[in-house]
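This is work22.cif (mmCIF, C-alpha atoms (C1' of nucleotides)).
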data_run
#
loop_
_atom_site.label_atom_id
_atom_site.label_comp_id
_atom_site.auth_asym_id
_atom_site.auth_seq_id
_atom_site.Cartn_x
_atom_site.Cartn_y
_atom_site.Cartn_z
CA MET A 1 20.84 -79.92 -3.86
CA THR A 2 24.06 -79.36 -2.00
CA ILE A 3 26.66 -81.97 -1.34
CA PRO A 4 27.76 -81.91 2.30
CA ASN A 5 31.14 -80.28 2.08
CA ASP A 6 32.88 -81.97 4.95
CA THR A 7 32.43 -85.67 4.83
CA ASP A 8 35.93 -86.33 3.54
CA ASP A 9 38.07 -88.40 5.86
CA THR A 10 41.36 -86.67 5.15
CA LEU A 11 41.68 -86.01 8.86
CA ALA A 12 40.31 -89.34 10.09
CA LEU A 13 42.51 -90.61 12.90
CA GLU A 14 42.62 -94.26 11.92
CA SER A 15 43.36 -93.53 8.28
CA GLN A 16 46.64 -91.83 9.08
CA LEU A 17 49.97 -93.57 8.94
CA CYS A 18 51.41 -91.24 11.55
CA PHE A 19 48.85 -92.38 14.12
CA ALA A 20 49.41 -96.04 13.30
CA LEU A 21 53.09 -95.42 13.98
CA TYR A 22 52.43 -93.45 17.15
CA SER A 23 49.99 -95.89 18.73
CA THR A 24 52.00 -98.98 17.79
CA GLN A 25 55.07 -97.41 19.35
CA LEU A 26 53.08 -96.79 22.55
CA ALA A 27 52.03 -100.45 22.57
CA MET A 28 55.57 -101.66 21.87
CA ASN A 29 56.90 -99.46 24.64
CA LYS A 30 54.38 -100.90 27.06
CA LEU A 31 55.42 -104.43 26.10
CA TYR A 32 59.10 -103.63 26.65
CA ARG A 33 58.40 -101.96 29.98
CA GLY A 34 57.21 -105.33 31.19
CA LEU A 35 60.06 -107.30 29.62
CA LEU A 36 62.71 -104.88 30.89
CA ARG A 37 61.41 -104.64 34.44
CA GLU A 38 63.65 -107.45 35.64
CA LEU A 39 66.69 -105.83 34.02
CA ASP A 40 65.79 -102.54 35.68
CA LEU A 41 66.10 -100.66 32.40
CA THR A 42 63.82 -98.27 30.57
CA TYR A 43 63.45 -98.80 26.86
CA PRO A 44 65.82 -95.98 25.81
CA GLN A 45 68.32 -97.24 28.38
CA TYR A 46 68.03 -100.72 26.84
CA LEU A 47 68.73 -99.27 23.39
CA THR A 48 71.80 -97.52 24.78
CA MET A 49 73.03 -100.79 26.23
CA LEU A 50 72.47 -102.50 22.84
CA VAL A 51 74.73 -99.88 21.25
CA LEU A 52 77.44 -100.45 23.85
CA TRP A 53 77.15 -104.23 23.73
CA GLN A 54 77.82 -104.03 20.02
CA ARG A 55 80.87 -101.82 20.57
CA ASP A 56 82.25 -100.75 23.93
CA ARG A 57 83.88 -97.35 24.57
CA GLN A 58 81.99 -94.82 22.51
CA THR A 59 81.54 -91.09 22.90
CA VAL A 60 78.18 -89.55 23.71
CA SER A 61 77.72 -88.33 20.14
CA GLU A 62 78.65 -91.67 18.61
CA ILE A 63 75.90 -93.26 20.66
CA GLY A 64 73.59 -90.42 19.71
CA GLU A 65 74.15 -90.91 15.99
CA GLN A 66 73.03 -94.51 16.21
CA LEU A 67 69.97 -93.79 18.34
CA TYR A 68 69.06 -90.45 16.72
CA LEU A 69 69.27 -88.74 20.09
CA ASP A 70 71.26 -85.70 21.20
CA SER A 71 73.14 -84.89 24.37
CA ALA A 72 70.12 -83.21 25.94
CA THR A 73 68.48 -86.61 26.05
CA LEU A 74 71.55 -88.80 26.47
CA THR A 75 73.48 -86.97 29.17
CA PRO A 76 70.87 -87.47 31.91
CA LEU A 77 70.11 -91.00 30.68
CA LEU A 78 73.80 -91.94 30.79
CA LYS A 79 74.12 -90.45 34.26
CA ARG A 80 71.34 -92.77 35.41
CA LEU A 81 73.11 -95.76 33.84
CA GLU A 82 76.25 -94.65 35.66
CA VAL A 83 74.38 -94.48 38.97
CA ALA A 84 73.12 -98.00 38.23
CA ALA A 85 76.82 -98.99 37.84
CA LEU A 86 76.30 -100.30 34.30
CA ILE A 87 78.64 -97.81 32.63
CA THR A 88 81.40 -95.31 33.40
CA ARG A 89 81.68 -91.81 31.94
CA GLN A 90 85.02 -90.10 31.61
CA ARG A 91 86.49 -87.23 29.64
CA SER A 92 88.74 -88.29 26.82
CA ARG A 93 92.46 -87.53 27.28
CA GLN A 94 93.00 -86.65 23.63
CA ASP A 95 90.00 -84.35 23.36
CA GLU A 96 88.69 -83.03 26.63
CA ARG A 97 85.38 -82.09 25.01
CA GLN A 98 84.46 -85.71 24.50
CA VAL A 99 83.11 -88.07 27.12
CA GLU A 100 83.87 -91.74 26.73
CA ILE A 101 81.22 -94.20 27.78
CA ALA A 102 82.41 -97.66 28.77
CA LEU A 103 80.65 -100.72 30.13
CA THR A 104 81.39 -101.91 33.64
CA GLU A 105 81.65 -105.60 34.36
CA LYS A 106 78.07 -105.43 35.61
CA GLY A 107 77.00 -103.74 32.38
CA ARG A 108 78.71 -106.39 30.27
CA SER A 109 77.19 -109.24 32.22
CA LEU A 110 73.67 -107.86 31.87
CA ARG A 111 73.91 -108.84 28.20
CA GLU A 112 73.30 -112.49 29.07
CA GLN A 113 69.94 -111.67 30.61
CA ALA A 114 69.08 -109.36 27.73
CA LYS A 115 69.49 -112.08 25.13
CA ALA A 116 66.07 -113.45 25.98
CA ILE A 117 64.31 -110.15 25.28
CA PRO A 118 64.06 -110.07 21.46
CA HIS A 119 62.58 -113.55 21.32
CA ALA A 120 60.07 -112.75 24.05
CA ALA A 121 59.08 -109.59 22.22
CA GLY A 122 58.69 -111.46 18.95
CA CYS A 123 56.35 -113.93 20.62
CA ALA A 124 54.28 -111.14 22.14
CA GLY A 125 53.91 -109.49 18.74
CA GLN A 126 53.10 -112.88 17.21
CA CYS A 127 55.28 -112.04 14.25
CA THR A 128 57.07 -114.56 12.12
CA PRO A 129 60.70 -113.54 11.62
CA GLU A 130 59.83 -112.82 7.97
CA GLU A 131 56.91 -110.52 8.79
CA ALA A 132 59.00 -108.72 11.39
CA ALA A 133 61.89 -108.26 8.98
CA GLU A 134 59.62 -106.95 6.23
CA LEU A 135 57.95 -104.42 8.51
CA ARG A 136 61.31 -103.43 9.98
CA ASP A 137 62.73 -102.74 6.53
CA ALA A 138 59.66 -100.76 5.46
CA LEU A 139 60.01 -98.62 8.59
CA HIS A 140 63.74 -98.06 8.13
CA GLY A 141 62.98 -97.02 4.55
CA LEU A 142 60.39 -94.53 5.70
CA ARG A 143 62.69 -93.16 8.38
CA ARG A 144 65.45 -92.65 5.83
CA ARG A 145 63.09 -90.67 3.61
CA LEU A 146 61.86 -88.60 6.56
CA ASP A 147 65.43 -87.88 7.67
CA ARG A 148 66.25 -86.38 4.27
CA GLN A 149 63.72 -83.61 4.83
CA MET B 1 90.32 -123.93 17.94
CA THR B 2 87.51 -122.05 19.62
CA ILE B 3 84.62 -120.47 17.88
CA PRO B 4 84.01 -116.96 19.22
CA ASN B 5 80.91 -117.43 21.30
CA ASP B 6 79.28 -114.07 20.83
CA THR B 7 79.05 -113.16 17.22
CA ASP B 8 75.30 -113.68 17.00
CA ASP B 9 73.36 -110.57 16.18
CA THR B 10 70.29 -111.31 18.27
CA LEU B 11 70.83 -108.01 20.05
CA ALA B 12 71.91 -105.97 17.01
CA LEU B 13 70.16 -102.62 17.12
CA GLU B 14 69.31 -102.31 13.44
CA SER B 15 67.94 -105.83 13.21
CA GLN B 16 65.20 -105.16 15.70
CA LEU B 17 61.68 -104.22 14.71
CA CYS B 18 61.20 -102.32 17.96
CA PHE B 19 64.04 -99.94 17.14
CA ALA B 20 62.77 -99.41 13.59
CA LEU B 21 59.45 -98.44 15.13
CA TYR B 22 61.05 -96.24 17.76
CA SER B 23 63.38 -94.33 15.45
CA THR B 24 60.78 -93.89 12.71
CA GLN B 25 58.37 -92.47 15.27
CA LEU B 26 61.07 -90.00 16.36
CA ALA B 27 61.52 -88.92 12.74
CA MET B 28 57.77 -88.66 12.15
CA ASN B 29 57.40 -86.59 15.30
CA LYS B 30 60.11 -84.25 14.15
CA LEU B 31 58.38 -83.81 10.79
CA TYR B 32 55.06 -83.03 12.48
CA ARG B 33 56.68 -80.56 14.86
CA GLY B 34 57.56 -78.50 11.83
CA LEU B 35 54.19 -78.90 10.12
CA LEU B 36 52.26 -78.12 13.30
CA ARG B 37 54.28 -75.09 14.30
CA GLU B 38 51.95 -72.70 12.49
CA LEU B 39 48.92 -74.30 14.15
CA ASP B 40 50.62 -73.95 17.53
CA LEU B 41 49.92 -77.58 18.38
CA THR B 42 52.11 -80.41 19.61
CA TYR B 43 51.61 -83.76 17.93
CA PRO B 44 49.53 -85.32 20.75
CA GLN B 45 47.44 -82.13 20.85
CA TYR B 46 46.89 -82.47 17.09
CA LEU B 47 45.72 -86.06 17.56
CA THR B 48 43.30 -84.89 20.24
CA MET B 49 41.92 -82.28 17.86
CA LEU B 50 41.50 -84.96 15.16
CA VAL B 51 39.38 -86.97 17.59
CA LEU B 52 37.21 -83.96 18.40
CA TRP B 53 36.89 -82.88 14.77
CA GLN B 54 35.52 -86.32 14.00
CA ARG B 55 33.01 -86.07 16.86
CA ASP B 56 32.53 -83.09 19.13
CA ARG B 57 31.60 -83.37 22.82
CA GLN B 58 33.39 -86.38 24.19
CA THR B 59 34.48 -87.30 27.69
CA VAL B 60 38.13 -87.56 28.69
CA SER B 61 38.02 -91.34 28.68
CA GLU B 62 36.29 -91.55 25.29
CA ILE B 63 39.15 -89.51 23.86
CA GLY B 64 41.61 -91.67 25.76
CA GLU B 65 40.23 -94.89 24.30
CA GLN B 66 40.81 -93.68 20.77
CA LEU B 67 44.32 -92.38 21.45
CA TYR B 68 45.37 -95.13 23.90
CA LEU B 69 46.11 -92.50 26.53
CA ASP B 70 44.87 -92.18 30.09
CA SER B 71 43.81 -89.22 32.17
CA ALA B 72 47.29 -88.72 33.60
CA THR B 73 48.41 -87.73 30.12
CA LEU B 74 45.20 -86.18 28.84
CA THR B 75 44.16 -83.96 31.73
CA PRO B 76 47.17 -81.63 31.53
CA LEU B 77 47.13 -81.73 27.72
CA LEU B 78 43.44 -80.78 27.64
CA LYS B 79 44.07 -77.99 30.11
CA ARG B 80 46.63 -76.56 27.71
CA LEU B 81 44.16 -76.80 24.82
CA GLU B 82 41.66 -74.99 27.03
CA VAL B 83 44.17 -72.24 27.78
CA ALA B 84 44.71 -71.97 24.01
CA ALA B 85 40.92 -71.47 23.72
CA LEU B 86 40.49 -74.42 21.37
CA ILE B 87 38.25 -76.46 23.69
CA THR B 88 36.12 -76.15 26.82
CA ARG B 89 36.07 -78.61 29.72
CA GLN B 90 33.04 -79.00 31.92
CA ARG B 91 31.64 -81.57 34.29
CA SER B 92 28.72 -83.54 32.91
CA ARG B 93 25.32 -82.80 34.50
CA GLN B 94 24.18 -86.43 34.30
CA ASP B 95 27.38 -87.87 35.77
CA GLU B 96 29.49 -85.47 37.74
CA ARG B 97 32.51 -87.78 37.48
CA GLN B 98 32.79 -87.17 33.77
CA VAL B 99 34.26 -84.12 32.08
CA GLU B 100 32.90 -83.18 28.68
CA ILE B 101 35.31 -81.78 26.16
CA ALA B 102 33.83 -79.55 23.46
CA LEU B 103 35.36 -77.52 20.64
CA THR B 104 35.18 -73.75 20.73
CA GLU B 105 34.53 -71.83 17.52
CA LYS B 106 38.27 -71.26 17.32
CA GLY B 107 38.88 -74.98 17.73
CA ARG B 108 36.41 -75.83 14.99
CA SER B 109 37.85 -73.30 12.58
CA LEU B 110 41.40 -74.61 13.04
CA ARG B 111 40.26 -77.66 11.10
CA GLU B 112 40.49 -75.77 7.82
CA GLN B 113 44.18 -75.09 8.35
CA ALA B 114 44.77 -78.65 9.49
CA LYS B 115 43.43 -80.12 6.26
CA ALA B 116 46.72 -79.40 4.53
CA ILE B 117 48.76 -81.40 7.05
CA PRO B 118 48.21 -85.02 5.96
CA HIS B 119 49.10 -84.24 2.35
CA ALA B 120 52.20 -82.31 3.39
CA ALA B 121 53.25 -85.21 5.60
CA GLY B 122 52.67 -87.71 2.80
CA CYS B 123 54.91 -85.69 0.51
CA ALA B 124 57.64 -85.49 3.11
CA GLY B 125 57.55 -89.25 3.58
CA GLN B 126 57.49 -89.71 -0.20
CA CYS B 127 54.90 -92.42 0.19
CA THR B 128 52.35 -93.30 -2.44
CA PRO B 129 48.89 -93.58 -0.86
CA GLU B 130 49.08 -97.33 -1.46
CA GLU B 131 52.41 -97.76 0.31
CA ALA B 132 51.20 -95.62 3.19
CA ALA B 133 47.97 -97.58 3.51
CA GLU B 134 49.79 -100.90 3.46
CA LEU B 135 52.26 -99.85 6.14
CA ARG B 136 49.47 -98.32 8.20
CA ASP B 137 47.48 -101.55 8.12
CA ALA B 138 50.52 -103.64 9.01
CA LEU B 139 51.15 -101.38 12.00
CA HIS B 140 47.53 -101.44 13.17
CA GLY B 141 47.68 -105.22 12.94
CA LEU B 142 50.80 -105.36 15.05
CA ARG B 143 49.34 -102.96 17.61
CA ARG B 144 46.23 -105.10 17.89
CA ARG B 145 48.34 -108.17 18.61
CA LEU B 146 50.46 -106.27 21.14
CA ASP B 147 47.35 -104.93 22.89
CA ARG B 148 46.07 -108.46 23.45
CA GLN B 149 49.05 -109.26 25.67
"C1'" DT C 1 99.84 -65.64 18.53
"C1'" DC C 2 95.52 -64.91 19.61
"C1'" DA C 3 90.99 -63.90 18.33
"C1'" DA C 4 87.14 -65.75 15.85
"C1'" DT C 5 84.95 -69.93 14.93
"C1'" DC C 6 83.59 -74.49 15.57
"C1'" DT C 7 82.60 -78.69 18.24
"C1'" DA C 8 81.18 -81.80 22.20
"C1'" DT C 9 78.75 -81.96 26.10
"C1'" DA C 10 75.83 -80.07 29.59
"C1'" DT C 11 71.89 -77.41 31.30
"C1'" DC C 12 67.21 -75.51 31.31
"C1'" DG C 13 62.39 -75.52 30.39
"C1'" DC C 14 58.35 -77.65 28.60
"C1'" DG C 15 55.30 -81.28 27.19
"C1'" DC C 16 54.36 -85.76 26.96
"C1'" DA C 17 53.64 -91.05 28.85
"C1'" DC C 18 52.55 -93.68 32.58
"C1'" DG C 19 52.61 -96.26 37.25
"C1'" DA C 20 50.69 -95.28 41.56
"C1'" DT C 21 47.64 -92.95 44.36
"C1'" DT C 22 43.71 -89.94 45.71
"C1'" DC C 23 39.07 -88.32 45.69
"C1'" DA C 24 34.49 -87.69 44.62
"C1'" DA C 25 30.49 -89.55 42.29
"C1'" DT C 26 27.89 -93.46 41.06
"C1'" DC C 27 26.44 -98.21 41.22
"C1'" DG C 28 25.09 -102.66 43.22
"C1'" DC C 29 23.32 -105.20 46.69
"C1'" DT C 30 20.92 -106.31 50.58
"C1'" DA D 1 18.36 -96.39 52.89
"C1'" DG D 2 23.03 -97.41 53.43
"C1'" DC D 3 27.51 -99.29 52.60
"C1'" DG D 4 31.16 -101.50 49.99
"C1'" DA D 5 32.83 -101.67 45.28
"C1'" DT D 6 33.56 -99.48 41.03
"C1'" DT D 7 34.38 -95.70 37.95
"C1'" DG D 8 36.18 -91.13 35.97
"C1'" DA D 9 39.24 -87.66 36.48
"C1'" DA D 10 42.98 -85.47 38.73
"C1'" DT D 11 47.50 -85.45 40.99
"C1'" DC D 12 52.29 -86.81 41.85
"C1'" DG D 13 56.79 -88.47 40.63
"C1'" DT D 14 60.04 -90.13 37.17
"C1'" DG D 15 62.09 -90.47 32.68
"C1'" DC D 16 62.31 -89.33 28.24
"C1'" DG D 17 62.72 -85.98 23.71
"C1'" DC D 18 64.10 -81.78 22.18
"C1'" DG D 19 64.53 -76.56 21.17
"C1'" DA D 20 67.36 -73.15 22.99
"C1'" DT D 21 71.24 -71.71 25.32
"C1'" DA D 22 75.69 -72.09 27.84
"C1'" DT D 23 80.42 -73.42 28.42
"C1'" DA D 24 84.75 -75.27 27.82
"C1'" DG D 25 88.00 -77.10 24.77
"C1'" DA D 26 89.85 -77.51 19.99
"C1'" DT D 27 90.77 -75.54 15.46
"C1'" DT D 28 91.62 -72.09 12.02
"C1'" DG D 29 93.58 -68.25 9.92
"C1'" DA D 30 95.33 -63.53 9.41
#
Hey, can you dump this file as structure tokens for me?
Amino acid sequence: MTIPNDTDDTLALESQLCFALYSTQLAMNKLYRGLLRELDLTYPQYLTMLVLWQRDRQTVSEIGEQLYLDSATLTPLLKRLEVAALITRQRSRQDERQVEIALTEKGRSLREQAKAIPHAAGCAGQCTPEEAAELRDALHGLRRRLDRQ
Amino acid sequence: MTIPNDTDDTLALESQLCFALYSTQLAMNKLYRGLLRELDLTYPQYLTMLVLWQRDRQTVSEIGEQLYLDSATLTPLLKRLEVAALITRQRSRQDERQVEIALTEKGRSLREQAKAIPHAAGCAGQCTPEEAAELRDALHGLRRRLDRQ
DNA sequence: TCAATCTATATCGCGCACGATTCAATCGCT
DNA sequence: AGCGATTGAATCGTGCGCGATATAGATTGA
């Protein structure tokens, strides 16, 4: 009697951490699309604004280091934020290779509206702050290990 | 004496679960890009193959329900898998609106190569199976709550 | 000094995601 | 039977991500 040789679930979709991560990120993105509609920002644009609200006047690569994005992604994104009059982009005097990104008054003032977002997102995810923090730390840990590869 | 009115870290990038999710997904994607290079698959294409390896002959929307993707994303992706000769696409006889996706022999046989992927990914993430399972379940739970919104 | 090298940003091409729309096939109802 | 509503897939437009390449400016060293 032969044992069926392919009943193992190694490749089962739902068993895989990578798919849990992928599909949850899709769901989170969808949630934020709704929350960010009134700010007229996409999710990556929102992240970029978070970086600048924490510290104004940063170069493209400084922003990229924090978001894990490179200039191929950021340059067009930043141009759109510039068109939206939320930031300015100008070549650094000291080093003409660098481009300094700075908030406009409009960009700074958008922060007030944005303050409501994290709480709204937390409610939607029905997470207690403790649950959210635990999951966040587990994810950051995983990311750190993946980055080392 | 005035207390600075904006030292709260509500909007701090690293404190937010959504960014942990976003950046970890970027890192995971990067890992899989490397692992999948020899299979000549992108990550979403790999997920689609997982779905078909679990059950052959499914319609576009059946695949979409499992991956949380709609036809706008899947139709072009499936066309590329068809060009790669991994699947066939043909209109259902019973219901001409539906398109049935079926594996080719080449598509079926790719499964053998793919079996090594989950283990390789687990090693890269340096997760014990228990850690991975726990994080996976926490993420599926969060996704379920987000989907209800 | 000036050529080789390195660095920061930009550009190009491709493949997702997805909102909005279109179109054909099917269903439901009278 | 026939017509409005629904459904399944495709199409279009926009915005990421990112590998690969380009380009201009800065740095290094013989």
Expanded to explicit residues, what is the PyMOL selection byres ((chain C) within 9 of (chain A)) for this file, as a VMD selection string? chain C and resid 7 to 11 17
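Selecting chain A residues within 6 Å of chain B and counting all atoms listed in the file yields A:Leu17, A:Ala20, A:Thr24, A:Gly125, A:Arg136, A:Leu139, A:His140, A:Arg143, A:Arg145, A:Leu146.
When atom CA of A:Thr88 is paired with atom CA of A:Asp56, their separation reads 11.0 Å.
Across A:Ser109, A:Gln58, A:Thr128, A:Thr73, the tightest approach to D:DG19 is made by A:Thr73 when counting only C-alpha atoms (C1' of nucleotides).
The environment of stretch 104-107 of chain B within 7 Å, counting only C-alpha atoms (C1' of nucleotides) and disregarding residues fewer than 6 places along the same chain, consists of Ala85, Leu86, Ile87 and Thr88 of chain B.
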Give me, as a list in words, the contact residues of chain D against chain B at a cut-off of 12 Å, counting only C-alpha atoms (C1' of nucleotides). DT7, DG8, DA9, DA10, DT11, DC12, DG13, DC16, DG17, DC18 and DG19 of chain D
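When atom C1' of C:DC6 is paired with atom C1' of D:DT21, their separation reads 16.0 Å.
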Where does the PyMOL selection byres ((chain C and resi 15) around 9) land in this file, that is, which residues does it pick, as a ChimeraX atom specification? /B:42,77 /C:14,16
Taking all heavy atoms as the atom set, what does stretch 16-26 of chain B look like once completed, written as a short mmCIF file (atom, residue, chain, number, x, y, z; two decimals), in the coordinates of the input?
data_model
loop_
_atom_site.label_atom_id
_atom_site.label_comp_id
_atom_site.auth_asym_id
_atom_site.auth_seq_id
_atom_site.Cartn_x
_atom_site.Cartn_y
_atom_site.Cartn_z
N GLN B 16 66.39 -105.03 14.88
CA GLN B 16 65.20 -105.16 15.70
C GLN B 16 64.05 -104.28 15.23
O GLN B 16 64.20 -103.08 15.04
CB GLN B 16 65.55 -104.82 17.15
CG GLN B 16 66.65 -105.71 17.69
CD GLN B 16 66.52 -105.98 19.15
OE1 GLN B 16 65.44 -105.96 19.72
NE2 GLN B 16 67.65 -106.21 19.79
N LEU B 17 62.90 -104.92 15.11
CA LEU B 17 61.68 -104.22 14.71
C LEU B 17 61.36 -103.08 15.68
O LEU B 17 60.97 -101.99 15.26
CB LEU B 17 60.51 -105.21 14.66
CG LEU B 17 59.13 -104.65 14.41
CD1 LEU B 17 59.08 -103.81 13.16
CD2 LEU B 17 58.10 -105.78 14.35
N CYS B 18 61.57 -103.33 16.97
CA CYS B 18 61.20 -102.32 17.96
C CYS B 18 61.99 -101.03 17.75
O CYS B 18 61.45 -99.94 17.91
CB CYS B 18 61.40 -102.85 19.38
SG CYS B 18 63.13 -103.11 19.83
N PHE B 19 63.24 -101.14 17.36
CA PHE B 19 64.04 -99.94 17.14
C PHE B 19 63.63 -99.24 15.85
O PHE B 19 63.62 -98.00 15.77
CB PHE B 19 65.54 -100.25 17.12
CG PHE B 19 66.38 -99.04 16.82
CD1 PHE B 19 66.41 -97.98 17.72
CD2 PHE B 19 67.09 -98.93 15.64
CE1 PHE B 19 67.16 -96.83 17.44
CE2 PHE B 19 67.85 -97.80 15.36
CZ PHE B 19 67.88 -96.75 16.26
N ALA B 20 63.27 -100.01 14.83
CA ALA B 20 62.77 -99.41 13.59
C ALA B 20 61.54 -98.57 13.90
O ALA B 20 61.38 -97.45 13.41
CB ALA B 20 62.44 -100.50 12.57
N LEU B 21 60.67 -99.12 14.73
CA LEU B 21 59.45 -98.44 15.13
C LEU B 21 59.79 -97.18 15.93
O LEU B 21 59.26 -96.08 15.66
CB LEU B 21 58.63 -99.41 15.99
CG LEU B 21 57.17 -99.16 16.22
CD1 LEU B 21 56.42 -98.94 14.92
CD2 LEU B 21 56.56 -100.35 16.97
N TYR B 22 60.66 -97.34 16.88
CA TYR B 22 61.05 -96.24 17.76
C TYR B 22 61.67 -95.08 16.98
O TYR B 22 61.25 -93.93 17.09
CB TYR B 22 62.06 -96.78 18.78
CG TYR B 22 62.74 -95.76 19.66
CD1 TYR B 22 62.12 -95.28 20.81
CD2 TYR B 22 64.02 -95.30 19.36
CE1 TYR B 22 62.76 -94.36 21.62
CE2 TYR B 22 64.66 -94.39 20.17
CZ TYR B 22 64.03 -93.91 21.30
OH TYR B 22 64.67 -93.00 22.10
N SER B 23 62.64 -95.39 16.13
CA SER B 23 63.38 -94.33 15.45
C SER B 23 62.53 -93.68 14.36
O SER B 23 62.65 -92.47 14.11
CB SER B 23 64.68 -94.87 14.88
OG SER B 23 64.44 -95.93 13.98
N THR B 24 61.65 -94.47 13.73
CA THR B 24 60.78 -93.89 12.71
C THR B 24 59.75 -92.96 13.35
O THR B 24 59.43 -91.90 12.81
CB THR B 24 60.06 -94.99 11.92
OG1 THR B 24 61.03 -95.92 11.43
CG2 THR B 24 59.30 -94.40 10.73
N GLN B 25 59.30 -93.33 14.54
CA GLN B 25 58.37 -92.47 15.27
C GLN B 25 59.06 -91.16 15.66
O GLN B 25 58.46 -90.09 15.57
CB GLN B 25 57.83 -93.23 16.49
CG GLN B 25 57.25 -92.38 17.61
CD GLN B 25 56.06 -91.53 17.17
OE1 GLN B 25 55.47 -91.73 16.12
NE2 GLN B 25 55.72 -90.54 17.99
N LEU B 26 60.31 -91.23 16.06
CA LEU B 26 61.07 -90.00 16.36
C LEU B 26 61.11 -89.10 15.14
O LEU B 26 60.89 -87.89 15.23
CB LEU B 26 62.50 -90.31 16.81
CG LEU B 26 62.73 -90.94 18.18
CD1 LEU B 26 64.23 -91.00 18.47
CD2 LEU B 26 62.03 -90.17 19.28
#
